[in-house]
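Here's my_file23.cif, which has mmCIF, C-alpha atoms:
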data_data
loop_
_atom_site.label_atom_id
_atom_site.label_comp_id
_atom_site.auth_asym_id
_atom_site.auth_seq_id
_atom_site.Cartn_x
_atom_site.Cartn_y
_atom_site.Cartn_z
CA MET A 460 149.35 8.42 -92.41
CA ARG A 461 152.41 9.46 -90.55
CA ILE A 462 150.35 11.85 -88.42
CA VAL A 463 148.01 9.07 -87.36
CA LYS A 464 150.93 6.97 -86.33
CA THR A 465 152.50 9.77 -84.33
CA ILE A 466 149.23 10.46 -82.52
CA ALA A 467 148.79 6.78 -81.79
CA ILE A 468 152.26 6.59 -80.32
CA ILE A 469 151.72 9.69 -78.20
CA LEU A 470 148.46 8.26 -76.88
CA LEU A 471 150.08 4.96 -76.10
CA VAL A 472 152.93 6.62 -74.24
CA ALA A 473 150.46 8.76 -72.31
CA PHE A 474 148.36 5.71 -71.44
CA VAL A 475 151.38 3.83 -70.19
CA GLY A 476 152.68 6.92 -68.42
CA ILE A 477 149.56 7.58 -66.38
CA GLN A 478 149.69 4.04 -65.04
CA PHE A 479 152.55 5.17 -62.83
CA ILE A 480 150.66 7.98 -61.15
CA PRO A 481 149.61 6.71 -57.74
CA THR A 482 146.00 6.87 -56.54
CA GLU A 483 144.81 7.46 -53.05
CA ARG A 484 143.35 4.36 -51.48
CA ASN A 485 140.23 4.41 -49.41
CA GLN A 486 140.72 1.42 -47.15
CA SER A 487 140.50 0.75 -43.47
CA SER A 488 140.58 -2.53 -41.61
CA ILE A 489 138.52 -1.37 -38.65
CA VAL A 490 134.78 -0.87 -38.67
CA PRO A 491 134.34 2.19 -36.46
CA ALA A 492 131.78 2.34 -33.65
CA THR A 493 129.92 5.00 -35.62
CA ASP A 494 129.26 2.66 -38.56
CA PHE A 495 125.66 2.38 -39.77
CA MET A 496 125.72 -1.40 -39.24
CA ARG A 497 127.00 -1.13 -35.68
CA VAL A 498 124.59 1.48 -34.36
CA ASN A 499 121.47 0.14 -36.06
CA ASN A 500 119.89 -3.25 -35.94
CA VAL A 501 120.20 -4.11 -39.61
CA PRO A 502 118.85 -7.41 -40.99
CA GLU A 503 121.44 -9.50 -42.82
CA THR A 504 119.97 -9.19 -46.31
CA ILE A 505 119.86 -5.41 -45.99
CA GLN A 506 123.42 -5.32 -44.65
CA LYS A 507 124.65 -7.31 -47.57
CA LYS A 508 122.86 -5.21 -50.15
CA LEU A 509 124.13 -1.92 -48.73
CA GLN A 510 127.64 -3.26 -48.52
CA VAL A 511 127.67 -4.57 -52.07
CA SER A 512 125.80 -1.63 -53.63
CA CYS A 513 126.81 1.45 -51.65
CA TYR A 514 129.76 0.96 -49.32
CA ASP A 515 132.41 1.17 -52.04
CA CYS A 516 131.61 4.86 -52.52
CA HIS A 517 129.94 5.76 -49.23
CA SER A 518 132.20 4.39 -46.53
CA ASN A 519 135.82 4.46 -45.41
CA ASN A 520 136.42 1.06 -46.89
CA THR A 521 136.30 0.31 -50.59
CA GLN A 522 136.54 -3.23 -51.91
CA TYR A 523 138.70 -2.33 -54.87
CA PRO A 524 137.70 -3.93 -58.18
CA TRP A 525 140.16 -5.24 -60.76
CA TYR A 526 139.84 -2.15 -62.93
CA ASN A 527 141.29 -0.04 -60.16
CA LYS A 528 144.65 -1.21 -61.47
CA ILE A 529 144.05 0.61 -64.74
CA GLN A 530 144.09 4.37 -65.30
CA PRO A 531 142.06 6.38 -65.99
CA ALA A 532 139.35 4.07 -64.60
CA ALA A 533 140.87 4.28 -61.13
CA TRP A 534 140.66 8.06 -61.20
CA PHE A 535 136.96 7.98 -61.90
CA LEU A 536 136.43 5.69 -58.97
CA GLU A 537 138.61 7.84 -56.75
CA ASP A 538 136.54 10.87 -57.71
CA HIS A 539 133.28 9.08 -57.04
CA ILE A 540 134.50 7.95 -53.65
CA LYS A 541 135.52 11.46 -52.67
CA GLU A 542 132.23 12.99 -53.79
CA GLY A 543 130.16 10.10 -52.52
CA LYS A 544 131.69 10.23 -49.04
CA ALA A 545 131.12 13.96 -48.83
CA GLU A 546 127.41 13.32 -49.35
CA LEU A 547 127.02 10.25 -47.22
CA ASN A 548 129.48 8.23 -45.20
CA PHE A 549 128.07 5.08 -43.64
CA SER A 550 131.24 4.64 -41.58
CA GLU A 551 130.58 7.88 -39.73
CA TRP A 552 126.84 7.55 -39.54
CA ASP A 553 126.47 8.01 -35.81
CA SER A 554 128.29 11.32 -35.79
CA LEU A 555 125.29 12.91 -37.52
CA SER A 556 122.52 14.59 -35.56
CA ASN A 557 119.06 13.00 -35.69
CA ARG A 558 117.87 15.78 -37.96
CA ARG A 559 120.60 15.01 -40.47
CA LYS A 560 120.18 11.24 -40.17
CA LYS A 561 116.54 11.63 -41.08
CA SER A 562 117.31 13.77 -44.06
CA LYS A 563 119.98 11.31 -45.25
CA LEU A 564 117.58 8.39 -44.87
CA ARG A 565 115.01 10.26 -46.92
CA SER A 566 117.59 10.93 -49.63
CA ILE A 567 118.66 7.28 -49.62
CA ILE A 568 115.11 6.14 -50.28
CA LYS A 569 114.69 8.70 -53.07
CA GLN A 570 117.98 7.82 -54.72
CA ILE A 571 117.27 4.09 -54.74
CA GLU A 572 113.64 4.49 -55.82
CA SER A 573 114.53 6.77 -58.70
CA GLY A 574 117.35 4.43 -59.74
CA GLU A 575 119.95 7.20 -59.43
CA MET A 576 121.95 5.18 -56.92
CA PRO A 577 123.99 3.06 -57.25
CA LEU A 578 125.54 5.03 -60.12
CA HIS A 579 125.08 3.50 -63.58
CA SER A 580 128.76 3.68 -64.35
CA TYR A 581 129.22 1.39 -61.35
CA THR A 582 126.44 -1.12 -62.03
CA LEU A 583 127.76 -1.52 -65.57
CA ILE A 584 130.50 -3.66 -64.07
CA HIS A 585 129.10 -4.49 -60.63
CA LYS A 586 126.00 -6.37 -61.69
CA ASP A 587 125.30 -7.57 -58.14
CA ALA A 588 124.87 -3.97 -57.02
CA ILE A 589 121.71 -3.61 -59.10
CA PHE A 590 118.47 -3.63 -57.12
CA THR A 591 115.59 -5.88 -58.12
CA LYS A 592 112.07 -4.50 -57.63
CA GLU A 593 111.66 -6.64 -54.52
CA GLU A 594 114.94 -5.42 -53.10
CA VAL A 595 113.86 -1.81 -53.59
CA VAL A 596 110.64 -2.49 -51.67
CA GLU A 597 112.47 -4.30 -48.87
CA MET A 598 115.14 -1.62 -48.54
CA ASN A 599 112.55 1.13 -48.63
CA LYS A 600 110.58 -0.52 -45.84
CA PHE A 601 113.62 -0.89 -43.61
CA ILE A 602 114.92 2.64 -44.19
CA THR A 603 111.46 4.14 -43.60
CA GLN A 604 111.11 2.22 -40.34
CA LEU A 605 114.50 3.40 -39.22
CA LYS A 606 113.66 7.00 -40.11
CA ASP A 607 110.39 6.89 -38.21
CA SER A 608 112.12 5.45 -35.14
CA LEU A 609 114.50 8.41 -34.84
CA MET B 167 97.50 66.95 -21.49
CA LYS B 168 100.76 65.93 -19.93
CA LYS B 169 99.21 62.75 -18.66
CA LEU B 170 98.00 61.91 -22.12
CA LYS B 171 101.46 62.46 -23.55
CA MET B 172 102.99 60.27 -20.89
CA SER B 173 100.60 57.44 -21.44
CA MET B 174 101.07 57.69 -25.17
CA ALA B 175 104.80 57.44 -24.71
CA ALA B 176 104.34 54.47 -22.44
CA MET B 177 102.11 52.81 -24.98
CA LEU B 178 104.63 53.42 -27.72
CA LEU B 179 107.37 51.95 -25.62
CA LEU B 180 105.27 48.91 -24.92
CA VAL B 181 104.47 48.40 -28.58
CA VAL B 182 108.10 48.77 -29.58
CA SER B 183 109.39 46.35 -27.00
CA PHE B 184 106.66 43.87 -27.86
CA ALA B 185 107.46 44.08 -31.56
CA ASN B 186 111.11 43.62 -30.72
CA ALA B 187 110.52 40.48 -28.73
CA GLN B 188 108.55 39.00 -31.61
CA SER B 189 110.68 40.09 -34.46
CA GLY B 190 113.40 37.47 -34.59
CA ASP B 191 116.59 39.06 -35.83
CA VAL B 192 118.01 40.55 -38.99
CA LYS B 193 119.91 37.40 -39.86
CA SER B 194 117.01 35.02 -39.54
CA GLU B 195 114.80 37.43 -41.50
CA ALA B 196 117.40 37.35 -44.28
CA ILE B 197 117.23 33.57 -44.31
CA LEU B 198 113.45 33.68 -44.49
CA SER B 199 113.52 36.17 -47.31
CA ASP B 200 115.75 33.89 -49.42
CA TYR B 201 113.61 30.91 -48.50
CA PHE B 202 110.55 32.72 -49.79
CA SER B 203 112.16 33.69 -53.09
CA LEU B 204 113.17 30.05 -53.45
CA LYS B 205 109.61 28.98 -52.76
CA ASP B 206 108.26 31.46 -55.32
CA ALA B 207 110.73 30.22 -57.93
CA LEU B 208 109.49 26.65 -57.38
CA VAL B 209 105.88 27.80 -57.58
CA GLY B 210 106.82 29.32 -60.95
CA ASP B 211 108.55 26.09 -62.12
CA ASP B 212 111.74 28.09 -62.52
CA ALA B 213 114.71 25.83 -61.71
CA LYS B 214 117.27 28.45 -62.61
CA LYS B 215 115.86 31.07 -60.29
CA ALA B 216 115.44 28.44 -57.58
CA ALA B 217 119.12 27.58 -57.94
CA GLN B 218 120.08 31.23 -57.58
CA SER B 219 117.95 31.57 -54.46
CA GLY B 220 119.58 28.40 -53.17
CA THR B 221 123.01 29.98 -53.55
CA LYS B 222 121.86 33.12 -51.75
CA LEU B 223 120.32 31.04 -49.02
CA VAL B 224 123.62 29.24 -48.43
CA ALA B 225 125.26 32.63 -47.83
CA ALA B 226 122.45 33.84 -45.55
CA LEU B 227 122.65 30.65 -43.49
CA LYS B 228 126.38 31.06 -43.16
CA ALA B 229 125.93 34.61 -41.86
CA PHE B 230 123.53 33.53 -39.12
CA ASP B 231 124.55 34.81 -35.72
CA LEU B 232 124.06 32.37 -32.85
CA SER B 233 125.60 34.47 -30.13
CA LYS B 234 122.45 35.90 -28.59
CA TYR B 235 120.76 32.56 -28.04
CA SER B 236 120.79 30.32 -25.00
CA LYS B 237 123.11 27.33 -24.89
CA GLU B 238 120.33 24.90 -25.75
CA ASP B 239 118.96 26.99 -28.59
CA LYS B 240 122.46 27.45 -29.92
CA LYS B 241 122.94 23.73 -30.26
CA GLU B 242 119.58 23.23 -31.94
CA LEU B 243 120.06 26.20 -34.26
CA ALA B 244 123.57 25.12 -35.26
CA ASP B 245 122.15 21.72 -36.18
CA ILE B 246 119.32 23.31 -38.15
CA ILE B 247 121.69 25.63 -40.01
CA GLU B 248 124.01 22.78 -40.93
CA ALA B 249 121.18 20.64 -42.26
CA ALA B 250 119.54 23.54 -44.08
CA THR B 251 122.83 24.53 -45.69
CA GLU B 252 123.20 21.06 -47.12
CA HIS B 253 119.74 21.26 -48.68
CA ALA B 254 120.34 24.76 -50.04
CA GLU B 255 123.60 23.58 -51.62
CA HIS B 256 121.79 20.77 -53.39
CA ILE B 257 119.06 23.13 -54.57
CA ALA B 258 121.74 25.42 -55.99
CA LYS B 259 122.96 22.70 -58.38
CA SER B 260 120.06 20.39 -59.17
CA ALA B 261 117.19 19.87 -61.59
CA ILE B 262 113.75 20.90 -60.39
CA ASP B 263 112.54 17.49 -59.15
CA HIS B 264 115.55 17.18 -56.94
CA GLN B 265 115.22 20.79 -55.82
CA ARG B 266 111.70 20.01 -54.66
CA GLU B 267 112.83 16.93 -52.72
CA HIS B 268 115.32 19.03 -50.83
CA PHE B 269 112.88 21.91 -50.46
CA LYS B 270 110.66 19.61 -48.44
CA MET B 271 113.40 18.87 -45.92
CA LEU B 272 114.54 22.47 -45.97
CA SER B 273 111.02 23.60 -45.12
CA LYS B 274 111.07 21.48 -41.98
CA ASP B 275 114.41 23.02 -40.94
CA ILE B 276 113.23 26.58 -41.57
CA THR B 277 109.99 25.94 -39.66
CA ASP B 278 111.99 24.67 -36.70
CA MET B 279 114.27 27.69 -36.94
CA VAL B 280 111.33 30.11 -36.82
CA ALA B 281 109.99 28.31 -33.76
CA ILE B 282 113.13 29.47 -31.97
CA THR B 283 113.96 32.79 -33.62
CA GLY B 284 110.45 34.12 -34.16
CA THR B 285 109.71 36.46 -37.04
CA LYS B 286 108.25 39.91 -37.58
CA ASN B 287 105.77 38.70 -40.19
CA THR B 288 102.78 36.45 -39.94
CA LEU B 289 103.57 33.19 -41.68
CA TYR B 290 101.30 30.44 -42.87
CA GLU B 291 102.33 26.84 -42.73
CA GLN B 292 100.64 25.13 -45.66
CA PHE B 293 100.27 21.45 -46.38
CA CYS B 294 99.58 19.41 -49.48
CA PRO B 295 98.70 15.76 -48.75
CA MET B 296 99.56 14.60 -52.28
CA TYR B 297 103.26 15.34 -52.70
CA ASP B 298 105.48 12.62 -51.21
CA LYS B 299 102.93 11.32 -48.67
CA GLY B 300 102.19 14.87 -47.50
CA SER B 301 104.49 17.88 -47.50
CA ALA B 302 104.48 21.25 -45.80
CA TRP B 303 105.99 24.66 -46.58
CA LEU B 304 105.88 28.21 -45.30
CA SER B 305 104.31 31.21 -46.99
CA THR B 306 103.76 34.87 -46.18
CA SER B 307 100.36 34.72 -47.81
CA LYS B 308 97.25 32.77 -46.83
CA GLU B 309 96.57 31.95 -50.43
CA VAL B 310 97.85 28.52 -51.47
CA ARG B 311 100.44 28.38 -54.27
CA ASN B 312 102.06 24.99 -54.30
CA PRO B 313 105.87 24.93 -54.67
CA TYR B 314 106.01 21.12 -55.05
CA TYR B 315 103.81 20.99 -58.14
CA GLY B 316 103.94 24.52 -59.51
CA SER B 317 101.65 24.92 -62.49
CA GLY B 318 100.96 21.16 -62.41
CA MET B 319 98.74 21.56 -59.34
CA LEU B 320 99.06 25.08 -58.12
CA LYS B 321 96.25 24.96 -55.61
CA CYS B 322 96.97 21.69 -53.82
CA GLY B 323 97.07 22.39 -50.11
CA LYS B 324 95.60 24.28 -47.23
CA VAL B 325 96.78 26.44 -44.37
CA GLN B 326 97.41 24.15 -41.41
CA LYS B 327 98.93 26.63 -39.00
CA THR B 328 99.38 30.36 -38.59
CA ILE B 329 102.71 31.45 -37.14
CA GLN B 330 102.97 34.92 -35.67
#
Could you render the structure as structure tokens?
Amino acid sequence: MRIVKTIAIILLVAFVGIQFIPTERNQSSIVPATDFMRVNNVPETIQKKLQVSCYDCHSNNTQYPWYNKIQPAAWFLEDHIKEGKAELNFSEWDSLSNRRKKSKLRSIIKQIESGEMPLHSYTLIHKDAIFTKEEVVEMNKFITQLKDSL
Amino acid sequence: MKKLKMSMAAMLLLVVSFANAQSGDVKSEAILSDYFSLKDALVGDDAKKAAQSGTKLVAALKAFDLSKYSKEDKKELADIIEAATEHAEHIAKSAIDHQREHFKMLSKDITDMVAITGTKNTLYEQFCPMYDKGSAWLSTSKEVRNPYYGSGMLKCGKVQKTIQ
């Protein structure tokens, strides 16, 4: 019994302790000229969906959720943002060559169609990030058009 | 007799220089060789081998030497190499479905590379209309062995272009 108590106390102390470790914040008040929304003519519904579903992990500006105040949740998010931005950064869209834009657009379609993006761990809490069937079709159509126009 | 020797030498020289002009370079041949082992791994439904070839391909792409190309070709090739590297990296760490998605885009990059570098071998661009609204790949053999379906539909496709 005593051992359980000791472990519980250690865990509690650790949990409280990690709350004081700072996290890097991914926030910027300017929307750069290279942003996907600024260089492309994006309909409003599509803009909104991308912003709500993807921009938190794939841009230079994350709308931080409440759970970012709590470790270790914030670390997971930080990790996702780092990895996500390395794959695709909507804020720096226009710095890609046409070849790479096309390949990113193809990947975007695939990821949304297969339901791999947005990540499940994210949609668990961010219900509005989930795509309905109609939204998948609409997004797919727009992204395909954009890809073919490059 | 002397004349014959001379003309033979001249012929030889001609053949050698011709072959040289067509042969691409060592670095791009290394890239092609890794691309083909990747393709064969996908034909054989072997994700692990495909991943290994992907890793090798990343290294081969990194070793590519741009210096002998014109300014314009340099820019295009650098772009191709960057895009292809990204696909090879994904192939090195993904499950087979995802490897095949990236293989499609990689195939386009490698085809565009060959258009600039040339190659010493005859290559066949093959096309299967069924995978992802139609997808192409390169092969050293005329015979169709489909890397997008593997054993699922080994023979889907036809030669659409011969590159030599």
field: Two-atom distance - atom CA of Ile329 of chain B, atom CA of Thr221 of chain B (Å)
entry: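 About the pair atom CA of Ile329 of chain B and atom CA of Thr221 of chain B: they are 26.1 Å apart.
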- request: Identify every residue of chain A that has at least one atom within 12 Å of any atom of chain B, counting only C-alpha atoms, and report the result as a VMD selection string.
  value: chain A and resid 545 to 547 555 to 570 573 575
task: Would you mind reading off the distance between atom CA of Asn519 of chain A and atom CA of Val224 of chain B, one decimal, in Å?
output: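 Taking atom CA of Asn519 of chain A and atom CA of Val224 of chain B, their separation equals 27.8 Å.
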message: If I take atom CA of Ala217 of chain B and atom CA of Thr251 of chain B, how far is one from the other in Å, to one decimal?
response: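 Going from atom CA of Ala217 of chain B over to atom CA of Thr251 of chain B covers 13.2 Å.
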With only C-alpha atoms as the counted atoms, please give the residues lying no more than 7 Å from segment 577-582 of chain A, apart from itself and same-chain residues fewer than 4 positions off, as a PDB file with C-alpha atoms, in the coordinates of the input.
ATOM      1  CA  SER A 512     125.800  -1.630 -53.630  1.00  0.00           C
ATOM      2  CA  CYS A 513     126.810   1.450 -51.650  1.00  0.00           C
ATOM      3  CA  LYS A 586     126.000  -6.370 -61.690  1.00  0.00           C
ATOM      4  CA  ALA A 588     124.870  -3.970 -57.020  1.00  0.00           C
ATOM      5  CA  ILE A 589     121.710  -3.610 -59.100  1.00  0.00           C
TER       6      ILE A 589
END
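Candidate residues B:Lys193, B:Lys299, B:Lys324, B:Lys259 were compared for distance to Ala226 of chain B, and the nearest is B:Lys193, using all atoms listed in the file.
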task: Give as a VMD selection string the set of residues within 12 Å of the point (123.7, -6.4, -46.9), where distances use the file's coordinates and all atoms listed in the file.
output: chain A and resid 495 to 496 501 to 514 587 to 588 590 594 597 to 598 601
task: Give me the residues within 10 Å of Ser199 of chain B as a list in words, counting all atoms listed in the file and dropping any in the same chain fewer than 6 places off.
output: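 Surrounding residues, per the criterion: Lys193, Lys205, Ser219, Lys222, Leu223, Ala226 and Thr306 of chain B.
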Where's the centre, and what are the edge lengths in Å to one decimal, of a box along x, y and z enclosing all listed atoms of segment 278-282 of chain B padded 8 Å per side, as lines of an AutoDock Vina configuration file?
center_x = 112.1
center_y = 27.4
center_z = -34.5
size_x = 20.3
size_y = 21.4
size_z = 21.0
message: Taking the file as I've supplied it (selection: the PyMOL selection byres ((chain B and resi 280-294) around 7)), which residues are included? Please answer as a list in words.
response: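 Checked against the file, the PyMOL selection byres ((chain B and resi 280-294) around 7) matches Gln188, Ser189, Gly190, Glu195, Ile276, Thr277, Asp278, Met279, Pro295, Met296, Tyr297, Gly300, Ser301, Ala302, Trp303, Leu304, Ser305, Thr306, Ser307, Lys308, Cys322, Gly323, Lys324, Val325, Gln326, Lys327, Thr328, Ile329 and Gln330 of chain B.
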Those residues you just picked out, can you put them in a file as a compact mmCIF listing (two decimals), keeping the file's coordinate frame with C-alpha atoms?
# COMPACT_ATOMS: atom_id res chain seq x y z
CA GLN B 188 108.55 39.00 -31.61
CA SER B 189 110.68 40.09 -34.46
CA GLY B 190 113.40 37.47 -34.59
CA GLU B 195 114.80 37.43 -41.50
CA ILE B 276 113.23 26.58 -41.57
CA THR B 277 109.99 25.94 -39.66
CA ASP B 278 111.99 24.67 -36.70
CA MET B 279 114.27 27.69 -36.94
CA PRO B 295 98.70 15.76 -48.75
CA MET B 296 99.56 14.60 -52.28
CA TYR B 297 103.26 15.34 -52.70
CA GLY B 300 102.19 14.87 -47.50
CA SER B 301 104.49 17.88 -47.50
CA ALA B 302 104.48 21.25 -45.80
CA TRP B 303 105.99 24.66 -46.58
CA LEU B 304 105.88 28.21 -45.30
CA SER B 305 104.31 31.21 -46.99
CA THR B 306 103.76 34.87 -46.18
CA SER B 307 100.36 34.72 -47.81
CA LYS B 308 97.25 32.77 -46.83
CA CYS B 322 96.97 21.69 -53.82
CA GLY B 323 97.07 22.39 -50.11
CA LYS B 324 95.60 24.28 -47.23
CA VAL B 325 96.78 26.44 -44.37
CA GLN B 326 97.41 24.15 -41.41
CA LYS B 327 98.93 26.63 -39.00
CA THR B 328 99.38 30.36 -38.59
CA ILE B 329 102.71 31.45 -37.14
CA GLN B 330 102.97 34.92 -35.67
Mind telling me what the PyMOL selection byres ((chain A and resi 524-541) around 8) catches here, as a short mmCIF file (atom, residue, chain, number, x, y, z; two decimals) with C-alpha atoms, in the coordinates of the input?
data_model
loop_
_atom_site.label_atom_id
_atom_site.label_comp_id
_atom_site.auth_asym_id
_atom_site.auth_seq_id
_atom_site.Cartn_x
_atom_site.Cartn_y
_atom_site.Cartn_z
CA PHE A 474 148.36 5.71 -71.44
CA ILE A 477 149.56 7.58 -66.38
CA GLN A 478 149.69 4.04 -65.04
CA THR A 482 146.00 6.87 -56.54
CA GLU A 483 144.81 7.46 -53.05
CA ARG A 484 143.35 4.36 -51.48
CA ASN A 485 140.23 4.41 -49.41
CA ASP A 515 132.41 1.17 -52.04
CA CYS A 516 131.61 4.86 -52.52
CA HIS A 517 129.94 5.76 -49.23
CA GLN A 522 136.54 -3.23 -51.91
CA TYR A 523 138.70 -2.33 -54.87
CA GLU A 542 132.23 12.99 -53.79
CA GLY A 543 130.16 10.10 -52.52
CA LYS A 544 131.69 10.23 -49.04
CA ALA A 545 131.12 13.96 -48.83
#
